[in-house]
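Source file: run.txt (compact mmCIF, C-alpha atoms)
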```txt
# COMPACT_ATOMS: atom_id res chain seq x y z
CA GLN A 1 0.00 0.00 0.00
CA LYS A 2 1.31 3.42 -0.93
CA GLU A 3 1.82 5.88 1.90
CA VAL A 4 -0.35 8.49 0.24
CA GLU A 5 -2.78 7.93 -2.62
CA GLN A 6 -4.37 10.51 -4.87
CA ASP A 7 -6.73 10.26 -7.81
CA PRO A 8 -4.74 11.60 -10.80
CA GLY A 9 -7.87 12.85 -12.59
CA PRO A 10 -7.74 14.74 -14.86
CA LEU A 11 -10.32 17.12 -13.51
CA SER A 12 -11.91 19.76 -15.72
CA VAL A 13 -14.24 22.42 -14.28
CA PRO A 14 -15.76 25.71 -15.46
CA GLU A 15 -14.50 28.98 -14.07
CA GLY A 16 -16.14 29.84 -10.76
CA ALA A 17 -16.72 26.23 -9.72
CA ILE A 18 -15.75 24.79 -6.34
CA VAL A 19 -13.00 22.22 -6.75
CA SER A 20 -12.45 19.35 -4.35
CA LEU A 21 -9.15 17.45 -4.41
CA ASN A 22 -8.63 14.44 -2.17
CA CYS A 23 -5.99 12.07 -0.88
CA THR A 24 -5.85 9.16 1.52
CA TYR A 25 -2.87 8.11 3.59
CA SER A 26 -1.93 4.86 5.26
CA ASN A 27 -0.01 5.64 8.45
CA SER A 28 -1.96 7.14 11.32
CA ALA A 29 1.30 8.46 12.78
CA PHE A 30 1.59 11.13 10.09
CA GLN A 31 0.93 14.57 11.49
CA TYR A 32 1.87 17.09 8.80
CA PHE A 33 -0.03 17.24 5.55
CA MET A 34 0.86 19.47 2.66
CA TRP A 35 -0.61 20.63 -0.62
CA TYR A 36 1.70 21.68 -3.42
CA ARG A 37 0.80 23.21 -6.77
CA GLN A 38 2.94 22.59 -9.84
CA TYR A 39 2.54 24.51 -13.06
CA SER A 40 3.78 22.97 -16.26
CA ARG A 41 7.61 23.06 -16.52
CA LYS A 42 7.98 24.56 -13.04
CA GLY A 43 8.93 23.25 -9.63
CA PRO A 44 6.22 22.57 -7.03
CA GLU A 45 5.25 25.42 -4.71
CA LEU A 46 3.76 24.93 -1.27
CA LEU A 47 0.14 26.09 -1.08
CA MET A 48 -0.77 25.08 2.44
CA TYR A 49 0.08 22.70 5.18
CA THR A 50 -1.93 21.51 8.15
CA TYR A 51 -0.99 19.86 11.37
CA SER A 52 -3.17 17.10 12.80
CA SER A 53 -6.92 17.38 12.16
CA GLY A 54 -9.16 20.23 11.22
CA ASN A 55 -9.43 22.95 8.63
CA LYS A 56 -7.10 25.68 7.49
CA GLU A 57 -8.18 28.48 5.21
CA ASP A 58 -6.12 30.82 3.04
CA GLY A 59 -8.08 33.01 0.68
CA ARG A 60 -9.90 30.80 -1.80
CA PHE A 61 -8.13 27.67 -0.57
CA THR A 62 -9.19 25.44 2.34
CA ALA A 63 -7.22 22.40 3.48
CA GLN A 64 -8.97 19.79 5.57
CA VAL A 65 -7.64 16.75 7.44
CA ASP A 66 -9.79 13.96 8.84
CA LYS A 67 -7.44 11.75 10.84
CA SER A 68 -10.17 9.28 11.77
CA SER A 69 -10.61 8.32 8.11
CA LYS A 70 -7.03 9.22 7.02
CA TYR A 71 -8.38 11.60 4.44
CA ILE A 72 -7.01 14.96 3.34
CA SER A 73 -8.75 17.45 1.08
CA LEU A 74 -8.12 20.73 -0.67
CA PHE A 75 -11.03 22.92 -1.69
CA ILE A 76 -10.69 25.77 -4.15
CA ARG A 77 -13.55 28.27 -4.22
CA ASP A 78 -14.34 30.48 -7.20
CA SER A 79 -11.80 28.63 -9.33
CA GLN A 80 -9.91 30.62 -11.96
CA PRO A 81 -8.17 29.59 -15.19
CA SER A 82 -4.90 30.53 -13.44
CA ASP A 83 -5.58 27.67 -10.98
CA SER A 84 -5.02 25.18 -13.81
CA ALA A 85 -2.07 23.10 -12.63
CA THR A 86 -1.16 19.79 -11.03
CA TYR A 87 -2.03 19.60 -7.33
CA LEU A 88 0.04 17.29 -5.18
CA CYS A 89 -0.78 16.22 -1.66
CA ALA A 90 2.18 15.21 0.47
CA ILE A 91 3.12 13.90 3.87
CA ILE A 92 6.39 14.57 5.60
CA TYR A 93 8.49 12.42 7.88
CA GLY A 94 11.07 13.74 10.27
CA GLY A 95 14.32 14.79 8.65
CA GLY A 96 12.60 16.43 5.72
CA LYS A 97 11.51 13.29 3.88
CA LEU A 98 8.60 14.49 1.75
CA THR A 99 6.41 11.89 0.02
CA PHE A 100 3.95 13.01 -2.63
CA GLY A 101 0.68 11.62 -3.90
CA GLN A 102 0.31 10.96 -7.59
CA GLY A 103 -0.94 14.49 -8.31
CA THR A 104 -4.27 15.62 -9.79
CA ILE A 105 -4.24 17.55 -13.06
CA LEU A 106 -6.79 20.37 -12.84
CA THR A 107 -8.03 22.44 -15.76
CA VAL A 108 -10.32 25.42 -15.16
CA HIS A 109 -11.83 26.57 -18.42
CA PRO A 110 -13.24 30.07 -18.97
CA ASP B 111 16.97 36.61 -2.59
CA THR B 112 14.08 34.22 -1.93
CA GLU B 113 14.48 31.60 -4.57
CA VAL B 114 16.25 28.39 -5.43
CA THR B 115 18.10 28.52 -8.73
CA GLN B 116 19.16 25.57 -10.83
CA THR B 117 21.51 25.33 -13.78
CA PRO B 118 21.41 24.30 -16.50
CA LYS B 119 17.72 24.44 -17.42
CA HIS B 120 18.16 21.67 -19.98
CA LEU B 121 20.89 19.07 -20.40
CA VAL B 122 21.37 16.41 -23.05
CA MET B 123 24.10 13.87 -22.42
CA GLY B 124 25.32 10.55 -23.74
CA MET B 125 25.63 7.47 -21.58
CA THR B 126 29.41 7.83 -21.36
CA ASN B 127 29.42 11.50 -20.43
CA LYS B 128 30.09 13.09 -17.05
CA LYS B 129 28.06 16.15 -16.20
CA SER B 130 26.93 18.07 -13.13
CA LEU B 131 23.74 19.79 -12.06
CA LYS B 132 23.99 22.83 -9.84
CA CYS B 133 21.58 24.23 -7.27
CA GLU B 134 21.98 27.43 -5.30
CA GLN B 135 20.05 29.25 -2.58
CA HIS B 136 20.89 32.36 -0.60
CA MET B 137 18.10 32.18 1.97
CA GLY B 138 20.34 30.82 4.71
CA HIS B 139 18.63 27.43 4.56
CA ARG B 140 20.57 24.57 6.11
CA ALA B 141 18.71 21.66 4.48
CA MET B 142 18.86 20.92 0.76
CA TYR B 143 17.28 18.18 -1.29
CA TRP B 144 17.44 16.48 -4.68
CA TYR B 145 14.29 15.02 -6.23
CA LYS B 146 13.71 13.19 -9.49
CA GLN B 147 10.44 13.65 -11.39
CA LYS B 148 9.46 11.51 -14.37
CA ALA B 149 6.76 12.70 -16.75
CA LYS B 150 3.26 12.63 -15.23
CA LYS B 151 4.65 11.32 -11.93
CA PRO B 152 5.23 13.07 -8.60
CA PRO B 153 8.71 14.10 -7.44
CA GLU B 154 10.63 11.34 -5.66
CA LEU B 155 13.20 12.13 -3.02
CA MET B 156 16.79 11.16 -3.84
CA PHE B 157 19.03 12.85 -1.26
CA VAL B 158 18.80 15.10 1.78
CA TYR B 159 21.66 17.26 3.04
CA SER B 160 21.40 18.58 6.56
CA TYR B 161 23.96 21.20 7.64
CA GLU B 162 26.11 20.24 4.63
CA LYS B 163 26.16 16.55 5.57
CA LEU B 164 24.34 13.81 3.67
CA SER B 165 21.56 12.62 5.96
CA ILE B 166 19.27 10.63 3.63
CA ASN B 167 20.13 8.61 0.53
CA GLU B 168 17.03 6.91 -0.85
CA SER B 169 19.00 3.96 -2.28
CA VAL B 170 19.99 5.99 -5.33
CA PRO B 171 22.38 4.27 -7.81
CA SER B 172 26.02 5.33 -7.49
CA ARG B 173 25.99 6.88 -10.96
CA PHE B 174 24.34 9.83 -9.15
CA SER B 175 26.78 11.48 -6.74
CA PRO B 176 25.65 14.44 -4.64
CA GLU B 177 27.95 17.05 -3.18
CA CYS B 178 27.34 19.98 -0.85
CA PRO B 179 30.44 22.23 -0.95
CA ASN B 180 28.88 24.88 1.30
CA SER B 181 25.56 25.84 2.83
CA SER B 182 24.36 27.64 -0.31
CA LEU B 183 25.36 25.19 -2.99
CA LEU B 184 24.31 21.67 -3.91
CA ASN B 185 25.65 19.69 -6.85
CA LEU B 186 24.57 16.44 -8.44
CA HIS B 187 27.33 14.72 -10.40
CA LEU B 188 26.20 12.39 -13.15
CA HIS B 189 28.23 9.60 -14.70
CA ALA B 190 27.36 6.66 -16.96
CA LEU B 191 23.66 7.38 -16.88
CA GLN B 192 21.02 5.30 -18.61
CA PRO B 193 18.20 6.55 -20.88
CA GLU B 194 15.71 5.74 -18.10
CA ASP B 195 17.42 8.39 -15.97
CA SER B 196 15.93 11.05 -18.26
CA ALA B 197 13.71 13.18 -16.02
CA LEU B 198 13.26 16.57 -14.38
CA TYR B 199 15.71 16.94 -11.50
CA LEU B 200 14.44 19.26 -8.81
CA CYS B 201 16.39 20.87 -6.02
CA ALA B 202 14.71 22.17 -2.87
CA SER B 203 15.74 23.79 0.38
CA SER B 204 14.23 24.41 3.80
CA ILE B 205 15.35 26.41 6.83
CA THR B 206 16.25 23.18 8.63
CA PRO B 207 15.25 19.54 8.00
CA ARG B 208 12.62 19.96 10.72
CA ASP B 209 10.89 22.76 8.83
CA ASN B 210 8.01 21.56 6.73
CA GLU B 211 8.16 24.15 3.99
CA GLN B 212 10.48 23.13 1.20
CA PHE B 213 11.17 25.68 -1.54
CA PHE B 214 11.68 24.14 -4.95
CA GLY B 215 13.75 25.35 -7.86
CA PRO B 216 12.49 25.17 -11.46
CA GLY B 217 14.42 21.99 -12.17
CA THR B 218 16.88 20.75 -14.78
CA ARG B 219 15.35 18.72 -17.58
CA LEU B 220 17.81 15.93 -18.34
CA THR B 221 17.78 13.78 -21.45
CA VAL B 222 20.14 10.80 -21.66
CA LEU B 223 20.72 9.49 -25.17
```
Show this structure as structure tokens.
Amino acid sequence: QKEVEQDPGPLSVPEGAIVSLNCTYSNSAFQYFMWYRQYSRKGPELLMYTYSSGNKEDGRFTAQVDKSSKYISLFIRDSQPSDSATYLCAIIYGGGKLTFGQGTILTVHP
Amino acid sequence: DTEVTQTPKHLVMGMTNKKSLKCEQHMGHRAMYWYKQKAKKPPELMFVYSYEKLSINESVPSRFSPECPNSSLLNLHLHALQPEDSALYLCASSITPRDNEQFFGPGTRLTVL
């Protein structure tokens, strides 16, 4: 079983839609959960990270962790064409060992 | 300066060549990382340097040889690579290995002929 699993999509939505991106993870000991965004031909950039359970909001983005079901989500409100990218969930071990999900390719069309 | 830079942007090499990838950051970060990313796949960790010392090697073949000459610079020396090593090589840094935010460079796109 992979440590973190993510549906690769692709996902295509109209501008203004609410986008929901999801991952599951296997080890209940994980405590830090990250969401990265990667535009084509660029390196990933950290969008948000959450510690333990609960929600974290930053502008149009909300990250949610449900430790009881080992489920992490990223919601994007009022999606824009500029949000079109690959979204990667990730977990991190001590020592900086970052493990990514497969990535979901998102296209927001005008 | 708040970015990680990588050179070259693109590299084409033969299987008998020796080449090096370079990564630089001037943010005072003391942890640096190499990742490999194949097309349509997520980045995979290769090496972690913590305070200029190699702390994690994810069982990477010896044809990849990392080097950290100082706290700002990270090199990846390549020798006798195979075509399947063609990928995007990403460098990242963080304040320390305990910090969760890793800043990624744009990557070097490597093609092995």
Please find the residues of chain A near chain B - the criterion being any atom within 8 Å, counting all atoms listed in the file - and write them as a compact mmCIF listing (two decimals) with C-alpha atoms, in the frame of the given file.
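New file iface00.txt:
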```txt
# COMPACT_ATOMS: atom_id res chain seq x y z
CA TYR A 32 1.87 17.09 8.80
CA ARG A 41 7.61 23.06 -16.52
CA LYS A 42 7.98 24.56 -13.04
CA GLY A 43 8.93 23.25 -9.63
CA PRO A 44 6.22 22.57 -7.03
CA GLU A 45 5.25 25.42 -4.71
CA LEU A 46 3.76 24.93 -1.27
CA LEU A 88 0.04 17.29 -5.18
CA ILE A 92 6.39 14.57 5.60
CA GLY A 94 11.07 13.74 10.27
CA GLY A 95 14.32 14.79 8.65
CA GLY A 96 12.60 16.43 5.72
CA LYS A 97 11.51 13.29 3.88
CA LEU A 98 8.60 14.49 1.75
CA THR A 99 6.41 11.89 0.02
CA PHE A 100 3.95 13.01 -2.63
CA GLY A 101 0.68 11.62 -3.90
CA GLN A 102 0.31 10.96 -7.59
CA GLY A 103 -0.94 14.49 -8.31
```
Note to self: List the spatial neighbours of Ser40 in chain A as a list in words - criterion: any atom at most 10 Å away, all atoms listed in the file, same-chain residues fewer than 5 positions off excluded.
What the structure shows: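 Non-adjacent residues within range: Ser84, Ala85 and Thr86 of chain A.
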Note to self: Counting all atoms listed in the file, which residue out of B:Arg173, B:Lys119, B:His139, B:Lys148 sits closest to His189 in chain B?
What the structure shows: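 So, comparing all the options, the nearest one is B:Arg173.
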How big is the axis-aligned box, and where does its centre sit, when it encloses all atoms of range 62-79 of chain A listed in the file and has 4 Å added on every side, reported in Å to one decimal as lines of an AutoDock Vina configuration file?
```
center_x = -10.7
center_y = 19.4
center_z = 1.2
size_x = 15.3
size_y = 30.2
size_z = 29.1
```
Note to self: Using Å and a single decimal, report how far CA of Phe30 in chain A sits from CA of Ser181 in chain B.
What the structure shows: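 For CA of Ser181 in chain B relative to CA of Phe30 in chain A, the distance reads 29.0 Å.
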Fix up range 117-128 of chain B with all heavy atoms, then write it as an mmCIF file, keeping the file's coordinate frame.
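After the write, rebuild_29.cif holds the following:
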```
data_model
loop_
_atom_site.group_PDB
_atom_site.id
_atom_site.type_symbol
_atom_site.label_atom_id
_atom_site.label_comp_id
_atom_site.auth_asym_id
_atom_site.auth_seq_id
_atom_site.Cartn_x
_atom_site.Cartn_y
_atom_site.Cartn_z
ATOM 1 N N THR B 117 20.901 25.267 -12.450
ATOM 2 C CA THR B 117 21.510 25.330 -13.780
ATOM 3 C C THR B 117 22.103 23.972 -14.119
ATOM 4 O O THR B 117 22.551 23.225 -13.228
ATOM 5 C CB THR B 117 22.634 26.390 -13.839
ATOM 6 O OG1 THR B 117 23.563 26.135 -12.766
ATOM 7 C CG2 THR B 117 22.078 27.788 -13.710
ATOM 8 N N PRO B 118 22.095 23.595 -15.406
ATOM 9 C CA PRO B 118 21.410 24.300 -16.500
ATOM 10 C C PRO B 118 19.906 24.035 -16.475
ATOM 11 O O PRO B 118 19.440 23.202 -15.703
ATOM 12 C CB PRO B 118 22.065 23.675 -17.738
ATOM 13 C CG PRO B 118 22.370 22.271 -17.315
ATOM 14 C CD PRO B 118 22.753 22.352 -15.858
ATOM 15 N N LYS B 119 19.158 24.702 -17.314
ATOM 16 C CA LYS B 119 17.720 24.440 -17.420
ATOM 17 C C LYS B 119 17.471 23.117 -18.158
ATOM 18 O O LYS B 119 16.547 22.374 -17.843
ATOM 19 C CB LYS B 119 17.012 25.565 -18.174
ATOM 20 C CG LYS B 119 16.823 26.829 -17.370
ATOM 21 C CD LYS B 119 15.996 27.835 -18.133
ATOM 22 C CE LYS B 119 15.536 29.019 -17.325
ATOM 23 N NZ LYS B 119 16.478 29.562 -16.363
ATOM 24 N N HIS B 120 18.283 22.895 -19.181
ATOM 25 C CA HIS B 120 18.160 21.670 -19.980
ATOM 26 C C HIS B 120 19.552 21.080 -20.142
ATOM 27 O O HIS B 120 20.537 21.816 -20.230
ATOM 28 C CB HIS B 120 17.600 21.983 -21.381
ATOM 29 C CG HIS B 120 16.251 22.611 -21.368
ATOM 30 N ND1 HIS B 120 15.085 21.885 -21.289
ATOM 31 C CD2 HIS B 120 15.874 23.911 -21.426
ATOM 32 C CE1 HIS B 120 14.054 22.714 -21.302
ATOM 33 N NE2 HIS B 120 14.499 23.948 -21.379
ATOM 34 N N LEU B 121 19.618 19.749 -20.203
ATOM 35 C CA LEU B 121 20.890 19.070 -20.400
ATOM 36 C C LEU B 121 20.635 17.801 -21.199
ATOM 37 O O LEU B 121 19.755 17.009 -20.852
ATOM 38 C CB LEU B 121 21.532 18.738 -19.056
ATOM 39 C CG LEU B 121 22.867 17.993 -19.087
ATOM 40 C CD1 LEU B 121 23.928 18.839 -19.778
ATOM 41 C CD2 LEU B 121 23.313 17.635 -17.676
ATOM 42 N N VAL B 122 21.407 17.641 -22.268
ATOM 43 C CA VAL B 122 21.370 16.410 -23.050
ATOM 44 C C VAL B 122 22.746 15.779 -22.928
ATOM 45 O O VAL B 122 23.761 16.448 -23.135
ATOM 46 C CB VAL B 122 21.026 16.681 -24.529
ATOM 47 C CG1 VAL B 122 21.015 15.375 -25.323
ATOM 48 C CG2 VAL B 122 19.681 17.383 -24.649
ATOM 49 N N MET B 123 22.811 14.519 -22.568
ATOM 50 C CA MET B 123 24.100 13.870 -22.420
ATOM 51 C C MET B 123 24.038 12.435 -22.917
ATOM 52 O O MET B 123 22.979 11.798 -22.915
ATOM 53 C CB MET B 123 24.583 13.912 -20.968
ATOM 54 C CG MET B 123 23.674 13.232 -19.976
ATOM 55 S SD MET B 123 24.202 13.494 -18.254
ATOM 56 C CE MET B 123 25.687 12.488 -18.173
ATOM 57 N N GLY B 124 25.206 11.944 -23.333
ATOM 58 C CA GLY B 124 25.320 10.550 -23.740
ATOM 59 C C GLY B 124 25.598 9.680 -22.530
ATOM 60 O O GLY B 124 25.922 10.174 -21.440
ATOM 61 N N MET B 125 25.480 8.393 -22.705
ATOM 62 C CA MET B 125 25.630 7.470 -21.580
ATOM 63 C C MET B 125 27.057 7.416 -21.051
ATOM 64 O O MET B 125 27.272 6.982 -19.923
ATOM 65 C CB MET B 125 25.151 6.071 -21.999
ATOM 66 C CG MET B 125 23.642 5.991 -22.164
ATOM 67 S SD MET B 125 23.038 4.306 -22.362
ATOM 68 C CE MET B 125 23.488 4.008 -24.055
ATOM 69 N N THR B 126 28.026 7.878 -21.835
ATOM 70 C CA THR B 126 29.410 7.830 -21.360
ATOM 71 C C THR B 126 29.883 9.175 -20.802
ATOM 72 O O THR B 126 31.007 9.294 -20.320
ATOM 73 C CB THR B 126 30.354 7.403 -22.490
ATOM 74 O OG1 THR B 126 30.204 8.332 -23.578
ATOM 75 C CG2 THR B 126 30.027 5.995 -22.959
ATOM 76 N N ASN B 127 29.021 10.176 -20.873
ATOM 77 C CA ASN B 127 29.420 11.500 -20.430
ATOM 78 C C ASN B 127 29.439 11.623 -18.908
ATOM 79 O O ASN B 127 28.786 10.850 -18.192
ATOM 80 C CB ASN B 127 28.449 12.568 -20.964
ATOM 81 C CG ASN B 127 28.525 12.745 -22.463
ATOM 82 O OD1 ASN B 127 27.573 13.202 -23.080
ATOM 83 N ND2 ASN B 127 29.644 12.407 -23.067
ATOM 84 N N LYS B 128 30.174 12.646 -18.449
ATOM 85 C CA LYS B 128 30.090 13.090 -17.050
ATOM 86 C C LYS B 128 29.619 14.530 -17.056
ATOM 87 O O LYS B 128 30.209 15.368 -17.742
ATOM 88 C CB LYS B 128 31.472 13.053 -16.385
ATOM 89 C CG LYS B 128 31.983 11.696 -16.010
ATOM 90 C CD LYS B 128 33.299 11.834 -15.245
ATOM 91 C CE LYS B 128 33.886 10.492 -14.899
ATOM 92 N NZ LYS B 128 35.150 10.616 -14.143
#
```
